[in-house]
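S.K.: Dropping in data.cif, with mmCIF, C-alpha atoms.
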data_final
loop_
_atom_site.label_atom_id
_atom_site.label_comp_id
_atom_site.auth_asym_id
_atom_site.auth_seq_id
_atom_site.Cartn_x
_atom_site.Cartn_y
_atom_site.Cartn_z
CA MET D 112 0.00 0.00 0.00
CA GLY D 113 2.67 2.51 1.01
CA GLY D 114 2.02 5.64 3.00
CA GLN D 115 3.34 8.96 4.24
CA ILE D 116 4.95 10.19 7.46
CA ASN D 117 5.10 13.84 8.52
CA LEU D 118 7.78 14.43 11.14
CA PHE D 119 7.94 17.65 13.17
CA LEU D 120 11.17 18.45 15.00
CA SER D 121 11.91 21.47 17.15
CA GLY D 122 15.21 20.19 18.53
CA LEU D 123 18.06 17.79 17.96
CA PRO D 124 17.22 14.14 18.87
CA THR D 125 19.56 13.34 21.77
CA VAL D 126 18.25 9.98 23.01
CA GLY D 127 17.36 6.66 21.42
CA LEU D 128 18.61 4.87 18.32
CA GLY D 129 18.89 7.98 16.15
CA LYS D 130 20.44 10.27 18.73
CA LEU D 131 22.65 13.04 17.43
CA ALA D 132 25.07 15.57 18.86
CA ALA D 133 25.88 19.10 17.74
CA ARG D 134 28.80 18.90 15.32
CA ASP D 135 28.82 22.25 13.59
CA ASP D 136 32.44 23.37 13.42
CA PRO D 137 33.12 26.83 11.93
CA THR D 138 36.85 26.02 11.76
CA ALA D 139 36.04 23.32 9.18
CA TYR D 140 34.41 25.74 6.74
CA ASN D 141 36.19 25.95 3.38
CA THR D 142 38.50 23.09 4.29
CA ASP D 143 38.59 19.38 3.42
CA LYS D 144 36.94 18.67 6.76
CA GLU D 145 33.80 20.56 5.77
CA LYS D 146 32.46 17.63 3.73
CA ALA D 147 31.93 15.64 6.94
CA LEU D 148 29.26 18.17 7.95
CA PHE D 149 27.16 17.17 4.91
CA THR D 150 27.13 13.43 5.59
CA PRO D 151 24.80 11.62 8.06
CA ALA D 152 26.45 11.33 11.47
CA ASN D 153 24.35 8.33 12.52
CA PRO D 154 23.62 5.44 10.09
CA PHE D 155 20.24 4.98 11.78
CA TRP D 156 18.67 7.67 9.60
CA ARG D 157 19.78 6.25 6.26
CA THR D 158 18.94 2.70 7.33
CA THR D 159 15.47 3.84 8.39
CA ALA D 160 15.00 5.71 5.11
CA GLU D 161 15.91 2.58 3.12
CA GLU D 162 13.43 0.52 5.14
CA LEU D 163 10.72 3.11 4.46
CA CYS D 164 11.48 2.95 0.73
CA GLU D 165 11.17 -0.82 0.74
CA CYS D 166 7.73 -0.39 2.34
CA GLY D 167 6.72 2.35 -0.11
CA VAL D 168 6.50 5.04 2.57
CA GLY D 169 7.63 8.64 2.06
CA ALA D 170 8.66 11.02 4.84
CA ASN D 171 8.34 14.79 5.04
CA VAL D 172 10.33 16.59 7.74
CA PHE D 173 9.41 19.95 9.27
CA PHE D 174 12.30 21.59 11.14
CA PHE D 175 11.78 24.32 13.77
CA PRO D 176 15.25 24.78 15.26
CA ASP D 177 16.24 27.51 17.71
CA GLN D 178 19.86 26.48 17.37
CA TYR D 179 21.96 23.94 15.47
CA THR D 180 20.14 20.92 14.05
CA ASP D 181 21.56 18.11 11.93
CA VAL D 182 19.65 18.43 8.65
CA ALA D 183 22.28 16.32 6.87
CA SER D 184 21.42 13.31 9.02
CA ILE D 185 17.67 13.65 9.56
CA GLY D 186 17.04 15.02 6.06
CA THR D 187 18.05 11.65 4.63
CA LEU D 188 14.54 10.46 5.52
CA ALA D 189 13.05 12.87 2.99
CA SER D 190 15.73 12.84 0.30
CA LEU D 191 15.77 9.06 -0.02
CA THR D 192 12.01 8.43 0.18
CA GLY D 193 10.79 11.15 -2.19
CA GLY D 194 9.66 13.39 0.64
CA GLU D 195 10.21 17.08 1.27
CA LEU D 196 12.05 19.27 3.80
CA PHE D 197 10.54 22.38 5.37
CA PHE D 198 12.89 24.62 7.35
CA HIS D 199 11.63 27.26 9.82
CA PRO D 200 14.55 28.51 11.93
CA LYS D 201 13.56 30.42 15.07
CA PHE D 202 9.87 29.83 14.34
CA THR D 203 7.63 32.77 15.23
CA PRO D 204 3.86 32.15 15.01
CA VAL D 205 2.98 35.69 13.99
CA ARG D 206 5.53 35.68 11.18
CA ASP D 207 5.52 32.05 10.05
CA ARG D 208 2.03 30.73 10.85
CA ASP D 209 0.49 31.34 7.43
CA THR D 210 3.46 29.86 5.59
CA LEU D 211 3.44 26.76 7.77
CA HIS D 212 -0.32 26.38 7.41
CA HIS D 213 0.01 26.47 3.64
CA GLU D 214 2.83 23.90 3.66
CA ILE D 215 0.91 21.46 5.87
CA LYS D 216 -2.33 21.89 3.93
CA ARG D 217 -0.62 21.32 0.60
CA THR D 218 1.32 18.31 1.90
CA LEU D 219 -1.85 16.63 3.16
CA THR D 220 -4.23 17.49 0.34
CA ARG D 221 -2.23 17.41 -2.91
CA GLU D 222 -2.57 14.37 -5.14
CA THR D 223 0.12 11.96 -3.98
CA ALA D 224 1.20 8.58 -5.31
CA TYR D 225 2.65 6.00 -2.92
CA ASN D 226 5.03 3.08 -3.25
CA ALA D 227 6.13 4.19 -6.71
CA THR D 228 8.61 2.41 -8.98
CA ILE D 229 9.81 4.13 -12.14
CA ARG D 230 11.58 2.63 -15.15
CA ILE D 231 12.70 4.37 -18.34
CA ARG D 232 12.84 2.45 -21.62
CA CYS D 233 14.46 3.62 -24.87
CA SER D 234 14.33 2.58 -28.51
CA ASN D 235 17.29 0.91 -30.22
CA GLY D 236 20.45 2.99 -30.19
CA LEU D 237 19.62 4.82 -26.96
CA ARG D 238 20.32 3.87 -23.36
CA VAL D 239 19.87 5.42 -19.92
CA ALA D 240 23.35 6.31 -18.68
CA ASP D 241 22.44 7.91 -15.35
CA HIS D 242 19.64 9.17 -13.13
CA ILE D 243 19.77 12.43 -11.18
CA GLY D 244 17.59 13.33 -8.22
CA ASN D 245 16.39 12.16 -4.82
CA PHE D 246 15.24 8.53 -4.88
CA TYR D 247 16.15 5.04 -3.72
CA GLN D 248 17.82 2.82 -6.30
CA ARG D 249 18.37 -0.89 -5.70
CA SER D 250 18.96 -1.75 -9.36
CA LEU D 251 20.38 -0.02 -12.42
CA THR D 252 16.98 0.28 -14.09
CA ASP D 253 14.44 1.07 -11.37
CA LEU D 254 13.93 4.17 -9.23
CA GLU D 255 11.84 3.87 -6.06
CA PHE D 256 9.89 6.64 -4.36
CA GLY D 257 7.93 6.24 -1.14
CA THR D 258 5.82 9.17 -2.30
CA ILE D 259 5.79 11.23 -5.47
CA ASP D 260 3.70 14.28 -6.39
CA ASP D 261 3.68 17.28 -8.70
CA ALA D 262 6.42 19.02 -6.69
CA LYS D 263 8.97 16.26 -7.32
CA ALA D 264 11.28 15.88 -10.29
CA PHE D 265 14.18 13.76 -11.46
CA ALA D 266 16.31 13.62 -14.57
CA ALA D 267 17.68 10.88 -16.77
CA ILE D 268 20.80 11.17 -18.91
CA LEU D 269 20.38 9.38 -22.24
CA LYS D 270 23.32 8.39 -24.40
CA HIS D 271 23.50 6.95 -27.91
CA ASP D 272 25.99 4.60 -29.50
CA GLY D 273 26.34 6.57 -32.72
CA ARG D 274 24.02 4.36 -34.73
CA LEU D 275 20.86 6.47 -34.70
CA ASP D 276 19.22 6.95 -38.09
CA ASP D 277 18.25 10.49 -39.14
CA ARG D 278 15.30 9.05 -41.02
CA GLN D 279 13.81 7.38 -37.94
CA PRO D 280 12.59 9.02 -34.72
CA ALA D 281 13.84 7.94 -31.31
CA PHE D 282 11.38 6.85 -28.61
CA VAL D 283 11.45 7.06 -24.81
CA GLN D 284 8.89 5.64 -22.38
CA VAL D 285 8.68 6.46 -18.68
CA ALA D 286 6.54 3.93 -16.79
CA VAL D 287 5.40 4.52 -13.20
CA LEU D 288 3.90 1.74 -11.09
CA TYR D 289 2.26 3.26 -8.01
CA THR D 290 -0.55 3.08 -5.46
CA SER D 291 -3.17 5.82 -5.66
CA SER D 292 -4.55 7.66 -2.62
CA ASN D 293 -7.59 5.35 -2.60
CA GLY D 294 -5.47 2.19 -2.58
CA GLU D 295 -5.60 1.22 -6.27
CA ARG D 296 -2.44 -0.15 -7.90
CA ARG D 297 -1.94 1.66 -11.20
CA VAL D 298 0.53 2.18 -14.04
CA ARG D 299 1.06 5.50 -15.78
CA CYS D 300 3.09 5.69 -19.00
CA LEU D 301 4.60 8.75 -20.61
CA ASN D 302 5.58 8.12 -24.23
CA MET D 303 7.82 10.59 -26.05
CA THR D 304 9.20 10.77 -29.59
CA PHE D 305 12.26 12.73 -30.64
CA THR D 306 13.57 13.77 -34.05
CA VAL D 307 17.09 12.52 -34.79
CA THR D 308 19.64 14.78 -36.47
CA SER D 309 23.32 14.50 -37.28
CA LEU D 310 23.74 18.27 -37.69
CA ILE D 311 25.15 19.92 -34.59
CA GLY D 312 23.47 23.19 -35.55
CA ASN D 313 20.03 21.58 -35.28
CA VAL D 314 20.90 20.21 -31.84
CA PHE D 315 21.43 23.74 -30.52
CA ARG D 316 18.61 25.26 -32.56
CA PHE D 317 15.93 22.96 -31.15
CA ALA D 318 17.36 22.26 -27.69
CA ASP D 319 15.25 23.12 -24.64
CA LEU D 320 17.46 25.65 -22.85
CA ASP D 321 15.49 25.59 -19.58
CA ALA D 322 15.64 21.78 -19.41
CA ALA D 323 19.37 21.76 -20.21
CA VAL D 324 20.22 24.30 -17.50
CA THR D 325 18.07 22.43 -14.99
CA ILE D 326 19.92 19.18 -15.68
CA PHE D 327 23.32 20.91 -15.40
CA LEU D 328 22.28 22.29 -12.00
CA LYS D 329 20.95 18.95 -10.75
CA ASP D 330 23.99 17.10 -12.07
CA GLY D 331 26.36 19.54 -10.41
CA LYS D 332 24.53 19.27 -7.11
CA GLN D 333 24.44 15.47 -7.35
CA HIS D 334 28.20 15.24 -7.96
CA HIS D 335 28.77 17.69 -5.10
CA LEU D 336 26.79 15.50 -2.70
CA ASP D 337 28.37 12.30 -4.00
CA ASN D 338 31.82 13.76 -3.37
CA HIS D 339 30.81 14.67 0.18
CA HIS D 340 29.37 11.19 0.80
CA SER D 341 32.49 9.49 -0.53
#
What would the structure in this file look like if it were written as structure tokens?
M.R.:
Amino acid sequence: MGGQINLFLSGLPTVGLGKLAARDDPTAYNTDKEKALFTPANPFWRTTAEELCECGVGANVFFFPDQYTDVASIGTLASLTGGELFFHPKFTPVRDRDTLHHEIKRTLTRETAYNATIRIRCSNGLRVADHIGNFYQRSLTDLEFGTIDDAKAFAAILKHDGRLDDRQPAFVQVAVLYTSSNGERRVRCLNMTFTVTSLIGNVFRFADLDAAVTIFLKDGKQHHLDNHHS
């Protein structure tokens, strides 16, 4: 079935399996040690996120810190399950109440799919070289999301082997297997066709600039995080 968890935190968890300690170190900024601040300090959070993904459950996390909180550790719950992070430092009801109300209302009422698995298929000559975004991936072909909605996005990098024919279009299909909000198991398919050209001028002339810049940004961020995690 899958499901959704909304977690509200006003302080750093200091007891139990996922306990954390303040580790912000200004002396590490702009040094090689800084990358440690962007990795989970306690494996409990990533392990829990993976278990949620396997159950098809997404997690949203609302932070209300008055002082340091470990978003890098706790935020793994959202980033791995297809959830969302909401950050309200030094929360003040008069100032932030309406914003928070809107965030909670939208989170609870927007159309949401649960326990989603996504696979991208290509026609001959094309292949999926990489995926970019926040998801759980147990295999090379499938992406798993505890929850997915209209605020979520991911990217796929397609590569060709040089044998595409200008006279034939290329095809891409994105298939999503998911559970609807009323418990029905469904499949949604997005089928796309692309014109093939061997002229570099046509590539630039008909390219989607907004999509290209978005992928460059996501790819840069993904490599940045991967370098921190490694």
S.K.: What would the selection look like, as a list in words, if the PyMOL selection byres ((chain D and resi 114-121) around 6) were run on the coordinates I just shared?
M.R.: Gly113, Gly122, Val168, Gly169, Ala170, Asn171, Val172, Phe173, Phe174, Phe175, Pro176 and Tyr225 of chain D
S.K.: Counting all atoms listed in the file, which residues come within 12 Å of (0.9, -6.2, -5.0), with the point read in the file's coordinates, and could you list them as number ranges by chain?
M.R.: D: 112-113, 166-167, 226-227, 288-290, 294-297
S.K.: Please list as number ranges by chain every residue within 9 Å of D:Leu275, counting only C-alpha atoms and excluding residues in the same chain fewer than 3 positions away.
M.R.: D: 235-237, 271-272, 278-281, 307-309
S.K.: Residues near stretch 151-154 of chain D, anyone? I mean within 8 Å using all atoms listed in the file, not counting same-chain ones fewer than 6 positions away, as a short mmCIF file (atom, residue, chain, number, x, y, z; two decimals) with C-alpha atoms, in the frame of the given file.
M.R.:
data_model
loop_
_atom_site.label_atom_id
_atom_site.label_comp_id
_atom_site.auth_asym_id
_atom_site.auth_seq_id
_atom_site.Cartn_x
_atom_site.Cartn_y
_atom_site.Cartn_z
CA GLY D 129 18.89 7.98 16.15
CA LYS D 130 20.44 10.27 18.73
CA LEU D 131 22.65 13.04 17.43
CA ALA D 183 22.28 16.32 6.87
CA SER D 184 21.42 13.31 9.02
CA ILE D 185 17.67 13.65 9.56
CA THR D 187 18.05 11.65 4.63
#
S.K.: As an exercise, work out the distance from atom CA of D:Arg230 to atom CA of D:Arg217 in Å and give it to one decimal place.
M.R.: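 According to the coordinates, atom CA of D:Arg230 and atom CA of D:Arg217 are separated by 27.3 Å.
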S.K.: Assuming the chain letters and numbering stay as they are in my file, what does the PyMOL selection byres ((chain D and resi 180) around 8) actually select? List them as a PyMOL selection string.
M.R.: chain D and resi 122-123+133+176+178-179+181-182
S.K.: Might you spell out which residues the PyMOL selection byres ((chain D and resi 300) around 10) would select in the displayed file, as a list in words?
M.R.: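 This file gives the following for the PyMOL selection byres ((chain D and resi 300) around 10): Ile229, Arg230, Ile231, Gln284, Val285, Ala286, Val287, Leu288, Val298, Arg299, Leu301, Asn302 and Met303 of chain D.
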S.K.: Write the residues of the selection above to a file with C-alpha atoms, as a CSV table (one decimal), keeping the file's coordinate frame.
M.R.:
chain,number,residue,atom,x,y,z
D,229,ILE,CA,9.8,4.1,-12.1
D,230,ARG,CA,11.6,2.6,-15.2
D,231,ILE,CA,12.7,4.4,-18.3
D,284,GLN,CA,8.9,5.6,-22.4
D,285,VAL,CA,8.7,6.5,-18.7
D,286,ALA,CA,6.5,3.9,-16.8
D,287,VAL,CA,5.4,4.5,-13.2
D,288,LEU,CA,3.9,1.7,-11.1
D,298,VAL,CA,0.5,2.2,-14.0
D,299,ARG,CA,1.1,5.5,-15.8
D,301,LEU,CA,4.6,8.8,-20.6
D,302,ASN,CA,5.6,8.1,-24.2
D,303,MET,CA,7.8,10.6,-26.0
S.K.: Just give me the residues with any atom within 6 Å of (17.9, 9.1, -22.2), file coordinates, counting only C-alpha atoms, written as a PyMOL selection string.
M.R.: chain D and resi 238-239+267-270
S.K.: I'd like the neighbourhood of D:Ile326 as a PyMOL selection string, where a residue qualifies if any of its atoms comes within 10 Å (using all atoms listed in the file), though same-chain residues fewer than 4 positions away should be ignored.
M.R.: chain D and resi 243-244+265-268+320-322+330-332
S.K.: Atom CA of D:Gln248 and atom CA of D:Pro124, how far apart in Å?
M.R.: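 Result for atom CA of D:Pro124 versus atom CA of D:Gln248: 27.6 Å, one decimal.
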S.K.: For D:Trp156, which residue out of D:Gly186, D:Gly193, D:Gly257, D:Pro204 is the nearest one, using only C-alpha atoms?
M.R.: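 Counting only C-alpha atoms, the residue closest to D:Trp156 is D:Gly186.
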S.K.: Draw an axis-aligned box over all listed atoms of stretch 270-277 of chain D, pad each side with 8 Å, and write its centre and edge lengths in Å, one decimal, as AutoDock Vina command-line options.
M.R.:
--center_x 22.3 --center_y 7.4 --center_z -31.8 --size_x 24.1 --size_y 22.1 --size_z 30.7
S.K.: Suppose you want the space between atom CA of D:Phe202 and atom CA of D:Ile215; what is it in Å?
M.R.: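 These two atoms are separated by 14.9 Å.
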